[in-house]
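Visitor: One structure coming up, written as structure tokens, with questions to follow.
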Amino acid sequence: MTGASLFGLAACVLIGLGLYGVLAHAAPLRRVLSFNLLGAGVFLLFGVAARRGAAAGLPGDPVPQALVITGIVVAFAATALALMLLRRLTALRAAERAADGLRDDPKGR
Amino acid sequence: MGMATTTGPLLVLAVVVPVIGMLALLVMPFLGIRRPATVALAVVAVGVAIASAIGIDLVRSKEAIVYVVGGWAPPLGLQLRADGLSGVMMAMAALVIAAVALYARPQFDMAEDAPGGRRAFAFWSLLMGLWSALNLVFLGEDLFNLFVALELLTFAAVPLVCLDGKAETIEAALRYLVFALIGSALYLLGTAILYGQYGTLDIGTLHGRASANLATHAAIALMIGGLMAKAALFPLHLWLPPAHAGAPAPASAVLSALVVKAPFFIILRLWFDVLPEPPSEAAARVLALLGAAAILVCSVVALRQRRLKLMIAYSTVAQIGYLFLMFILIEPGVAPWTTIGWTGGMLQLISHALAKAAMFLAAGLIAEALGHDRIADLAGAGRTVPVSVFAFGLAGLSLMGLPPSGGFIAKLLLLNAAILSGAWWVAIVISVGGLLAAAYVARVLKRAMAAPATAIETRAVAREREWPALGLALCAVALGFVPLQPLDMLAIGRGALP
């Protein structure tokens with residue numbers, strides 16, 4: 001087995017795990033983490049494409065590497081946006097719960 | 001592929017000018033301008049002028065406009081290309097965004113440091129970002145470039161959903177983001193496979209090179225599957241209704257009219273420009289079946305909604321279903337843009353964009369005047385905001401497919417194409433969908449035109465705020481006067497693909 005096919009198989013495993021996580025988990029944080037796993041698998045696949053598509057004598061095709069760098073930036077931005085929304089949602093829900101708790105207080109404080 | 005044309009820089013301006021507007025919003029306090037709306041409206045005026053210039057140039061030269069970025073020709077470099085189809089899409093986006101900007105100005109006119117100012121700043125900068133991303137989707141020729149454009153679009157659209165900062169809308173935005181991210185990961189996976197196969201992602205180059213094999217079909221299936229989640233095709237539509245109904249009215253209008261059309265546009269490009277001939281009939285049937293299910297199921301769900309904005313959002317999912325009927329109605333072997341199925345699908349896309357934007361804008365003012373958007377208690381709306389209720393009704397004509405309206409022509413062409421190709425079940429779905437749309441629009445109009453049983457408290461709405469919705473609804477009606485045949489404009493530059 002060549003290095004490229006080993007990495008290709010690893011990419012498939014990562015993609016499979018990521019897809020399973022995104023679809024099977026209901027918790028948003030787990031979904032965001034699974035999305036990152038899925039993304040890592042796709043980026044690795046680009047790396048394999050770079051390795052296999054390299055012209056004779058070259059160590060790798062530079063185009064997929066450039067694509068992967070852009071892809072990582074995009075995935076990072078997406079993760080940051082998702083986490084900020086999630087934090088805000090958690091904070092709002094906690095405040096709601098605290099307000100409900102005060103109202104339910106039997107001593108009426 | 002062709003060399004850059006002399007008007008090519010217009011395409012760069014179409015993408016860059018809204019971004020310049022976004023940056024101008026950041027520096028404007030130093031220039032003494034305090035209201036973001038002022039800057040944004042100026043940028044909208046320039047953007048409309050650019051879209052018109054591109055349209056006029058396309059009609060005059062009858063050839064696609066091409067710009068090669070940095071002088072590096074594909075397959076190594078990127079190019080931007082506007083054919084007749086992109087030109088029409090850009091004009092549609094410019095029209096809707098201009099109307100939305102005029103509508104949103106009174107609502108988001110505060111200075112940045114005033115109460116609500118941060119929200120106004122966010123609205124205008126996101127609107128600019130969204131427009132730039134849309135233009136890039138319509139102009140991009142490189143599959144990875146299109147991926148970046150789609151992501152920019154998502155990042156601008158998601159915060160628009162939760163502009164009011166309430167927990168429910170943030171939850172809707174988060175769900176939208178998760179669906180969109182799964183979609184883009186699948187799209188990117190397909191892109192990686194295509195690159196591994198052909199060593200290029202330029203659509204024009206792929207068009208010549210792509211051959212029918214398992215890897216190519218799997219890649220395109222993954223990409224279309226991912227885009228379906230972003231375009232909210234049934235049954236991947238669950239994120240859309242809460243997201244589009246929870247956003248402020250001008251944001252809902254842009255999301256429903258334009259944002260869901262961008263992934264559909266890329267599906268079209270993949271299907272007709274990348275997929276090696278002949279396209280699989282089974283795949284076309286699956287897409288059409290999902291579209292038909294969207295029309296039937298979501299129209300019925302729309303009919304059962306209690307809130308006006310949720311009803312309009314479900315109607316969006318149903319109307320998107322019509323677009324996916326196209327794939328089964330275009331027989332392989334002929335140039336698709338010469339068929340009535342293609343023309344009908346494109347007209348459906350455009351007339352839905354105009355009508356749906358008009359509907360959301362009108363619904364926003366109805367809700368503002370009455371203080372709620374419960375369909376059961378709409379009585380009195382016809383007296384308080386008559387122009388908005390009229391605009392809602394006109395837009396409804398287009399959704400039902402009654403003449404004269406763009407929706408009528410679109411659905412008639414699709415119906416004819418269905419009968420000609422012998423797909424009788426498609427013809428039945430189109431007819432039933434029209435009846436259901438008539439039912440849900442009439443249900444709202446009946447309540448809105450009724451006199452209230454008891455005196456109701458209403459808030460006065462300035463008459464001039466009602467004009468943008470009416471303008472869009474009239475444009476949707478005016479589309480009903482285009483000739484019933486394949487349009488020359490949509491064919492410009494399509495034949496030039498090698």
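Chain labels run A, B, ... following the order of the structure tokens; each chain numbers its residues from 1, and ligands are numbered from 1 in the order shown.
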Within 9 Å of chain B, which residues belong to chain A? Use only C-alpha atoms and report them as a ChimeraX atom specification.

Guide: /A:15,19,22,28,31-32,35,38-39,41-43,45-46,48-50,52-53,63-64,67,70-71,74-75,77-78,81-82,85-86,88-90,92-93

Visitor: Please identify the alpha helix (DSSP H) residues within stretch 336-460 of chain B (assignment by DSSP from backbone atoms) and present them as a PyMOL selection string.

Guide: chain B and resi 340-370+381-384+386-400+406-420+424-449

Visitor: Separation of atom CA of B:Val44 and atom CA of B:Met489, in Å?

Guide: 24.2 Å

Visitor: What does the distance from atom CA of B:Val69 to atom CA of A:Phe76 come to in Å, to one decimal?

Guide: 25.9 Å

Visitor: Nearest to B:Val259: which of B:Ala212, B:Leu490, B:Leu240, B:Ala218 is it, counting only C-alpha atoms?

Guide: B:Leu240

Visitor: Atom CA of B:Gly84 to atom CA of B:Val59: how many Å, to one decimal?

Guide: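 Atom CA of B:Val59 lies 8.1 Å from atom CA of B:Gly84.
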